[in-house]
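> What follows is model-v5.csv, made up of CSV, C-alpha atoms:
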```csv
chain,number,residue,atom,x,y,z
A,152,MET,CA,62.0,75.1,-49.1
A,153,SER,CA,63.5,71.7,-49.7
A,154,THR,CA,61.4,68.5,-49.7
A,155,ARG,CA,63.4,67.3,-46.6
A,156,GLU,CA,62.3,70.5,-44.7
A,157,ARG,CA,58.7,70.2,-45.8
A,158,ILE,CA,58.3,66.6,-44.5
A,159,LYS,CA,60.1,67.2,-41.2
A,160,MET,CA,57.9,66.8,-38.2
A,161,THR,CA,57.7,69.5,-35.5
A,162,GLU,CA,58.6,68.4,-31.9
A,163,GLU,CA,54.9,68.4,-31.1
A,164,GLU,CA,54.2,66.2,-34.1
A,165,ARG,CA,57.1,63.8,-33.2
A,166,LEU,CA,55.9,63.4,-29.6
A,167,ALA,CA,52.3,62.8,-30.8
A,168,PHE,CA,53.5,60.2,-33.3
A,169,LEU,CA,55.6,58.4,-30.6
A,170,ASP,CA,52.6,58.5,-28.3
A,171,GLN,CA,50.4,56.9,-31.0
A,172,GLU,CA,52.8,54.2,-32.2
A,173,ARG,CA,53.5,51.0,-30.2
A,174,THR,CA,56.8,49.5,-31.2
A,175,VAL,CA,60.3,50.9,-31.5
A,176,ILE,CA,63.1,49.1,-33.4
A,177,VAL,CA,66.2,49.4,-31.2
A,178,THR,CA,69.5,48.8,-33.0
A,179,SER,CA,72.7,48.3,-31.1
A,180,PHE,CA,76.1,46.9,-32.1
A,181,GLY,CA,76.4,43.1,-31.5
A,182,PRO,CA,79.6,41.4,-30.2
A,183,LYS,CA,81.0,41.0,-33.7
A,184,GLY,CA,80.2,44.6,-34.7
A,185,TRP,CA,77.1,43.8,-36.7
A,186,PRO,CA,73.9,45.7,-36.1
A,187,HIS,CA,71.5,44.0,-33.7
A,188,SER,CA,67.9,45.2,-34.2
A,189,MET,CA,65.0,44.3,-32.0
A,190,PRO,CA,61.4,45.4,-31.7
A,191,MET,CA,60.5,46.8,-28.2
A,192,TRP,CA,57.6,48.4,-26.4
A,193,PHE,CA,58.4,51.8,-25.0
A,194,VAL,CA,57.3,55.0,-23.2
A,195,VAL,CA,58.4,58.5,-23.7
A,196,ARG,CA,59.5,60.6,-20.7
A,197,ALA,CA,60.4,64.2,-21.2
A,198,GLY,CA,61.1,63.6,-24.9
A,199,GLU,CA,63.3,60.5,-24.2
A,200,VAL,CA,62.5,56.9,-25.1
A,201,TRP,CA,62.6,54.4,-22.3
A,202,MET,CA,62.1,50.7,-22.3
A,203,TRP,CA,62.8,47.7,-20.1
A,204,THR,CA,64.2,44.3,-21.0
A,205,TYR,CA,65.8,41.3,-19.4
A,206,ARG,CA,69.1,42.1,-17.6
A,207,THR,CA,70.9,39.2,-19.4
A,208,SER,CA,69.6,40.1,-22.9
A,209,GLN,CA,72.0,40.6,-25.9
A,210,LYS,CA,70.8,44.2,-26.3
A,211,VAL,CA,71.8,45.0,-22.7
A,212,ARG,CA,75.3,43.4,-23.2
A,213,ASN,CA,75.6,45.4,-26.4
A,214,LEU,CA,74.7,48.7,-24.8
A,215,GLU,CA,76.9,48.1,-21.9
A,216,ARG,CA,79.8,47.6,-24.3
A,217,ASP,CA,78.9,50.5,-26.6
A,218,ARG,CA,76.2,53.0,-25.5
A,219,ARG,CA,75.3,54.1,-29.0
A,220,ALA,CA,71.9,53.0,-30.4
A,221,THR,CA,69.6,54.0,-33.2
A,222,LEU,CA,65.8,53.9,-32.6
A,223,LEU,CA,63.3,53.7,-35.4
A,224,VAL,CA,59.5,54.1,-35.2
A,225,GLU,CA,57.7,54.1,-38.5
A,226,ALA,CA,54.2,53.9,-40.0
A,227,GLY,CA,52.5,53.9,-43.3
A,228,GLU,CA,51.5,51.4,-46.0
A,229,THR,CA,52.1,53.5,-49.1
A,230,TYR,CA,54.7,56.1,-50.0
A,231,ASP,CA,52.4,59.0,-49.6
A,232,GLN,CA,51.6,57.8,-46.0
A,233,LEU,CA,55.1,57.1,-44.8
A,234,ARG,CA,56.1,58.8,-41.6
A,235,GLY,CA,58.6,58.0,-38.9
A,236,VAL,CA,61.2,59.1,-36.4
A,237,MET,CA,64.8,58.0,-36.2
A,238,ILE,CA,66.7,58.8,-33.0
A,239,GLU,CA,70.5,58.4,-32.6
A,240,ALA,CA,71.0,58.1,-28.9
A,241,GLU,CA,73.2,57.1,-26.0
A,242,ALA,CA,71.8,54.5,-23.8
A,243,GLU,CA,71.9,54.4,-20.0
A,244,VAL,CA,71.2,51.0,-18.5
A,245,ILE,CA,69.5,51.4,-15.1
A,246,ASP,CA,69.5,48.4,-12.7
A,247,ASP,CA,67.8,50.1,-9.7
A,248,PHE,CA,64.8,47.9,-8.7
A,249,ASP,CA,62.5,50.8,-7.8
A,250,ALA,CA,63.3,52.6,-11.1
A,251,VAL,CA,62.8,49.4,-13.1
A,252,GLN,CA,59.5,48.7,-11.3
A,253,ASP,CA,58.2,52.2,-11.8
A,254,LEU,CA,59.0,51.9,-15.5
A,255,GLY,CA,57.3,48.5,-15.7
A,256,ARG,CA,54.2,50.0,-14.1
A,257,GLU,CA,54.2,52.8,-16.7
A,258,LEU,CA,54.7,50.3,-19.5
A,259,GLY,CA,51.8,48.3,-18.1
A,260,GLY,CA,49.6,51.3,-18.1
A,261,ARG,CA,50.4,51.9,-21.8
A,262,TYR,CA,50.2,48.3,-23.1
A,263,ALA,CA,47.9,46.5,-20.6
A,264,PRO,CA,45.6,49.1,-19.1
A,265,GLY,CA,43.4,47.9,-16.3
A,266,ALA,CA,45.9,45.3,-15.0
A,267,GLU,CA,45.9,46.5,-11.4
A,268,GLY,CA,45.6,45.2,-8.0
A,269,PRO,CA,47.8,43.0,-5.7
A,270,GLU,CA,48.2,40.2,-8.2
A,271,ALA,CA,49.4,42.6,-10.9
A,272,GLU,CA,51.8,44.3,-8.5
A,273,ALA,CA,53.2,40.9,-7.5
A,274,ALA,CA,53.8,40.0,-11.1
A,275,LEU,CA,55.3,43.4,-11.8
A,276,ALA,CA,57.7,43.0,-8.8
A,277,HIS,CA,58.7,39.5,-10.0
A,278,GLN,CA,59.4,40.8,-13.5
A,279,ALA,CA,61.2,43.9,-12.3
A,280,GLY,CA,63.7,41.7,-10.4
A,281,LYS,CA,64.8,40.2,-13.7
A,282,ARG,CA,64.9,43.4,-15.8
A,283,VAL,CA,66.7,46.7,-16.3
A,284,ALA,CA,65.4,50.0,-17.5
A,285,ILE,CA,67.1,51.6,-20.5
A,286,ARG,CA,67.0,55.4,-21.1
A,287,PHE,CA,67.9,56.7,-24.5
A,288,ARG,CA,69.3,60.2,-24.5
A,289,PRO,CA,68.8,61.6,-28.0
A,290,ARG,CA,71.9,63.0,-29.8
A,291,ARG,CA,70.3,63.4,-33.3
A,292,VAL,CA,66.6,63.2,-34.4
A,293,VAL,CA,65.4,62.8,-37.9
A,294,SER,CA,61.7,62.7,-38.8
A,295,TRP,CA,59.5,62.5,-41.9
A,296,ASP,CA,55.8,62.7,-42.7
A,297,HIS,CA,55.1,62.2,-46.4
A,298,ARG,CA,51.5,63.2,-45.8
A,299,LYS,CA,52.8,66.8,-45.9
A,300,LEU,CA,53.8,66.5,-49.5
```
Before we go any further, please render this structure as structure tokens.


Amino acid sequence: MSTRERIKMTEEERLAFLDQERTVIVTSFGPKGWPHSMPMWFVVRAGEVWMWTYRTSQKVRNLERDRRATLLVEAGETYDQLRGVMIEAEAEVIDDFDAVQDLGRELGGRYAPGAEGPEAEAALAHQAGKRVAIRFRPRRVVSWDHRKL
């Protein structure tokens, strides 16, 4: 068995890793063709990465022009601890208020648990009005876990 095959994560390991980690680096193509990489918070729905961002952001403009994106989540401080998931994906920008608000609520549950009630809902609705949801449909997934070596 090759080293590459030995360090590959199973689907269950990948999903557990994505559930544990907090930031995904999203790379799209900027207006002049250069990679544009940004750290984002995310959730995983049915094996797909979802995030929200401001409707007028550069990454949204990039993804509307070219749906291709590469996502990277990584962890580890030393070589023997390195692990990560890279996903080549096609992005779908979703501008439906209810869908964006639902995603915002899900993100809030992940990153700000306990922020509930009428004030939190009002803040969420205000933010959802300025944002879009982005769904990343995986086309190719690569993973590694050097702890398996």

> Quote the spacing between atom CA of Trp201 of chain A and atom CA of Thr229 of chain A in Å to one decimal place.

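According to the coordinates, atom CA of Trp201 of chain A and atom CA of Thr229 of chain A are separated by 28.8 Å.
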
> With all atoms listed in the file as the atoms that count, which of A:Tyr262, A:Phe168, A:Trp295, A:Trp185 lies nearest to Gly198 of chain A?

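Residue with the minimum atom-to-atom distance to Gly198 of chain A: A:Phe168.
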
> Residues near Ser294 of chain A, anyone? I mean within 6 Å using only C-alpha atoms, not counting same-chain ones fewer than 3 positions away, as a ChimeraX atom specification.

/A:159-160,235-236

> Using C-alpha atoms, can you write the selected residues to a file as a short mmCIF file (atom, residue, chain, number, x, y, z; two decimals), keeping the file's coordinate frame?


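Output contents, as saved in part27.cif:
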```cif
data_model
loop_
_atom_site.label_atom_id
_atom_site.label_comp_id
_atom_site.auth_asym_id
_atom_site.auth_seq_id
_atom_site.Cartn_x
_atom_site.Cartn_y
_atom_site.Cartn_z
CA LYS A 159 60.10 67.20 -41.20
CA MET A 160 57.90 66.80 -38.20
CA GLY A 235 58.60 58.00 -38.90
CA VAL A 236 61.20 59.10 -36.40
#
```

> Tell me, in Å to one decimal, how far atom CA of Gln252 of chain A is from atom CA of Ala279 of chain A.

5.2 Å

> Between atom CA of Arg219 of chain A and atom CA of Arg286 of chain A, what distance in Å does the model show, to one decimal?

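Value for the atom CA of Arg219 of chain A-atom CA of Arg286 of chain A distance: 11.5 Å.
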
> Just the residues within 7 Å of Arg234 of chain A, please, counting all atoms listed in the file, with nothing from its chain fewer than 4 positions along; format it as an MDAnalysis selection string.

chainID A and resid 225:227 295:297

> Name the residues in contact with segment 187-196 of chain A at a cut-off of 6 Å, using only C-alpha atoms, excluding same-chain residues fewer than 6 positions from it; report them as a list in words.

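Listed by chain and then number, they are Thr174, Val175, Ile176, Val177, Thr178, Ser179, Phe180, Gly181 and Met202 of chain A.
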
> With all atoms listed in the file as the atoms that count, which of A:Ala263, A:Leu300, A:Met237, A:Ala250 lies nearest to Arg282 of chain A?

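Using all atoms listed in the file, Arg282 of chain A sits closest to A:Ala250.
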
> Restricting the calculation to all atoms listed in the file: of A:Asp246, A:Glu199, A:Asp217, A:Glu267, which residue gets closest to Phe287 of chain A?

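Among A:Asp246, A:Glu199, A:Asp217, A:Glu267, it is A:Glu199 that comes nearest to Phe287 of chain A.
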
> Could you check which of A:Glu172, A:Gly280, A:Arg291, A:Ser153 is closest to Ala240 of chain A, using all atoms listed in the file?

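Going through A:Glu172, A:Gly280, A:Arg291, A:Ser153 one by one, the smallest distance to Ala240 of chain A is for A:Arg291.
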
> Kindly indicate which residue among A:Arg298, A:Arg288, A:Arg173, A:Arg206 lies nearest to Glu228 of chain A, using only C-alpha atoms for the distances.

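Using only C-alpha atoms, Glu228 of chain A sits closest to A:Arg298.
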
> Would you please work out which residue, of A:Val283, A:Ala274, A:Leu258, A:Ala167, is nearest to Thr207 of chain A when using all atoms listed in the file?

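Among the listed residues, A:Val283 lies closest to Thr207 of chain A.
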
> Could you rebuild segment 204-215 of chain A with all heavy atoms and give it back as a PDB file, in the coordinates of the input?


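Produced file result_33.pdb, reproduced below:
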```pdb
ATOM      1  N   THR A 204      63.924  45.603 -20.359  1.00  0.00           N
ATOM      2  CA  THR A 204      64.200  44.300 -21.000  1.00  0.00           C
ATOM      3  C   THR A 204      64.944  43.449 -19.957  1.00  0.00           C
ATOM      4  O   THR A 204      65.370  43.932 -18.909  1.00  0.00           O
ATOM      5  CB  THR A 204      65.060  44.495 -22.258  1.00  0.00           C
ATOM      6  OG1 THR A 204      65.123  43.252 -22.972  1.00  0.00           O
ATOM      7  CG2 THR A 204      66.466  44.991 -21.956  1.00  0.00           C
ATOM      8  N   TYR A 205      65.101  42.179 -20.283  1.00  0.00           N
ATOM      9  CA  TYR A 205      65.800  41.300 -19.400  1.00  0.00           C
ATOM     10  C   TYR A 205      67.254  41.685 -19.207  1.00  0.00           C
ATOM     11  O   TYR A 205      67.937  42.024 -20.174  1.00  0.00           O
ATOM     12  CB  TYR A 205      65.694  39.833 -19.863  1.00  0.00           C
ATOM     13  CG  TYR A 205      64.304  39.278 -19.698  1.00  0.00           C
ATOM     14  CD1 TYR A 205      63.450  39.156 -20.784  1.00  0.00           C
ATOM     15  CD2 TYR A 205      63.832  38.915 -18.438  1.00  0.00           C
ATOM     16  CE1 TYR A 205      62.163  38.673 -20.622  1.00  0.00           C
ATOM     17  CE2 TYR A 205      62.541  38.432 -18.272  1.00  0.00           C
ATOM     18  CZ  TYR A 205      61.715  38.305 -19.366  1.00  0.00           C
ATOM     19  OH  TYR A 205      60.441  37.842 -19.203  1.00  0.00           O
ATOM     20  N   ARG A 206      67.703  41.664 -17.984  1.00  0.00           N
ATOM     21  CA  ARG A 206      69.100  42.100 -17.600  1.00  0.00           C
ATOM     22  C   ARG A 206      70.120  41.302 -18.421  1.00  0.00           C
ATOM     23  O   ARG A 206      71.164  41.851 -18.735  1.00  0.00           O
ATOM     24  CB  ARG A 206      69.239  41.786 -16.101  1.00  0.00           C
ATOM     25  CG  ARG A 206      70.584  42.035 -15.529  1.00  0.00           C
ATOM     26  CD  ARG A 206      70.617  41.744 -14.025  1.00  0.00           C
ATOM     27  NE  ARG A 206      69.834  42.754 -13.293  1.00  0.00           N
ATOM     28  CZ  ARG A 206      68.690  42.503 -12.668  1.00  0.00           C
ATOM     29  NH1 ARG A 206      68.182  41.301 -12.650  1.00  0.00           N
ATOM     30  NH2 ARG A 206      68.061  43.470 -12.044  1.00  0.00           N
ATOM     31  N   THR A 207      69.858  40.036 -18.759  1.00  0.00           N
ATOM     32  CA  THR A 207      70.900  39.200 -19.400  1.00  0.00           C
ATOM     33  C   THR A 207      70.697  39.198 -20.963  1.00  0.00           C
ATOM     34  O   THR A 207      71.360  38.425 -21.646  1.00  0.00           O
ATOM     35  CB  THR A 207      70.765  37.753 -18.924  1.00  0.00           C
ATOM     36  OG1 THR A 207      69.442  37.260 -19.164  1.00  0.00           O
ATOM     37  CG2 THR A 207      71.089  37.683 -17.443  1.00  0.00           C
ATOM     38  N   SER A 208      69.839  40.073 -21.504  1.00  0.00           N
ATOM     39  CA  SER A 208      69.600  40.100 -22.900  1.00  0.00           C
ATOM     40  C   SER A 208      70.807  40.561 -23.736  1.00  0.00           C
ATOM     41  O   SER A 208      71.651  41.300 -23.225  1.00  0.00           O
ATOM     42  CB  SER A 208      68.373  40.937 -23.283  1.00  0.00           C
ATOM     43  OG  SER A 208      68.665  42.300 -23.076  1.00  0.00           O
ATOM     44  N   GLN A 209      70.855  40.162 -24.985  1.00  0.00           N
ATOM     45  CA  GLN A 209      72.000  40.600 -25.900  1.00  0.00           C
ATOM     46  C   GLN A 209      71.996  42.091 -26.007  1.00  0.00           C
ATOM     47  O   GLN A 209      73.063  42.698 -25.995  1.00  0.00           O
ATOM     48  CB  GLN A 209      71.821  39.921 -27.237  1.00  0.00           C
ATOM     49  CG  GLN A 209      72.964  40.237 -28.180  1.00  0.00           C
ATOM     50  CD  GLN A 209      74.279  39.682 -27.672  1.00  0.00           C
ATOM     51  OE1 GLN A 209      74.396  38.493 -27.390  1.00  0.00           O
ATOM     52  NE2 GLN A 209      75.282  40.539 -27.547  1.00  0.00           N
ATOM     53  N   LYS A 210      70.829  42.732 -26.114  1.00  0.00           N
ATOM     54  CA  LYS A 210      70.800  44.200 -26.300  1.00  0.00           C
ATOM     55  C   LYS A 210      71.448  44.900 -25.100  1.00  0.00           C
ATOM     56  O   LYS A 210      72.137  45.889 -25.252  1.00  0.00           O
ATOM     57  CB  LYS A 210      69.459  44.724 -26.686  1.00  0.00           C
ATOM     58  CG  LYS A 210      68.399  44.671 -25.670  1.00  0.00           C
ATOM     59  CD  LYS A 210      67.072  45.007 -26.283  1.00  0.00           C
ATOM     60  CE  LYS A 210      66.044  43.935 -26.311  1.00  0.00           C
ATOM     61  NZ  LYS A 210      66.244  42.598 -25.977  1.00  0.00           N
ATOM     62  N   VAL A 211      71.229  44.389 -23.891  1.00  0.00           N
ATOM     63  CA  VAL A 211      71.800  45.000 -22.700  1.00  0.00           C
ATOM     64  C   VAL A 211      73.352  44.825 -22.763  1.00  0.00           C
ATOM     65  O   VAL A 211      74.104  45.783 -22.528  1.00  0.00           O
ATOM     66  CB  VAL A 211      71.255  44.401 -21.404  1.00  0.00           C
ATOM     67  CG1 VAL A 211      72.068  44.838 -20.193  1.00  0.00           C
ATOM     68  CG2 VAL A 211      69.797  44.817 -21.252  1.00  0.00           C
ATOM     69  N   ARG A 212      73.805  43.633 -23.083  1.00  0.00           N
ATOM     70  CA  ARG A 212      75.300  43.400 -23.200  1.00  0.00           C
ATOM     71  C   ARG A 212      75.852  44.338 -24.257  1.00  0.00           C
ATOM     72  O   ARG A 212      76.927  44.924 -24.060  1.00  0.00           O
ATOM     73  CB  ARG A 212      75.567  41.957 -23.516  1.00  0.00           C
ATOM     74  CG  ARG A 212      75.404  41.080 -22.284  1.00  0.00           C
ATOM     75  CD  ARG A 212      75.816  39.663 -22.565  1.00  0.00           C
ATOM     76  NE  ARG A 212      74.560  38.933 -22.682  1.00  0.00           N
ATOM     77  CZ  ARG A 212      74.327  37.929 -23.505  1.00  0.00           C
ATOM     78  NH1 ARG A 212      75.255  37.497 -24.309  1.00  0.00           N
ATOM     79  NH2 ARG A 212      73.168  37.336 -23.540  1.00  0.00           N
ATOM     80  N   ASN A 213      75.153  44.478 -25.380  1.00  0.00           N
ATOM     81  CA  ASN A 213      75.600  45.400 -26.400  1.00  0.00           C
ATOM     82  C   ASN A 213      75.733  46.813 -25.946  1.00  0.00           C
ATOM     83  O   ASN A 213      76.729  47.494 -26.200  1.00  0.00           O
ATOM     84  CB  ASN A 213      74.683  45.333 -27.644  1.00  0.00           C
ATOM     85  CG  ASN A 213      74.655  44.012 -28.351  1.00  0.00           C
ATOM     86  OD1 ASN A 213      75.511  43.129 -28.135  1.00  0.00           O
ATOM     87  ND2 ASN A 213      73.662  43.816 -29.194  1.00  0.00           N
ATOM     88  N   LEU A 214      74.698  47.297 -25.266  1.00  0.00           N
ATOM     89  CA  LEU A 214      74.700  48.700 -24.800  1.00  0.00           C
ATOM     90  C   LEU A 214      75.622  48.955 -23.674  1.00  0.00           C
ATOM     91  O   LEU A 214      76.095  50.085 -23.502  1.00  0.00           O
ATOM     92  CB  LEU A 214      73.237  49.090 -24.447  1.00  0.00           C
ATOM     93  CG  LEU A 214      72.264  49.126 -25.638  1.00  0.00           C
ATOM     94  CD1 LEU A 214      70.833  49.259 -25.153  1.00  0.00           C
ATOM     95  CD2 LEU A 214      72.635  50.218 -26.624  1.00  0.00           C
ATOM     96  N   GLU A 215      75.941  47.951 -22.897  1.00  0.00           N
ATOM     97  CA  GLU A 215      76.900  48.100 -21.900  1.00  0.00           C
ATOM     98  C   GLU A 215      78.345  48.244 -22.475  1.00  0.00           C
ATOM     99  O   GLU A 215      79.194  48.960 -21.971  1.00  0.00           O
ATOM    100  CB  GLU A 215      76.896  46.969 -20.864  1.00  0.00           C
ATOM    101  CG  GLU A 215      75.677  47.032 -19.975  1.00  0.00           C
ATOM    102  CD  GLU A 215      75.508  45.848 -19.057  1.00  0.00           C
ATOM    103  OE1 GLU A 215      76.012  44.750 -19.364  1.00  0.00           O
ATOM    104  OE2 GLU A 215      74.848  46.019 -18.013  1.00  0.00           O
TER     105      GLU A 215
END
```
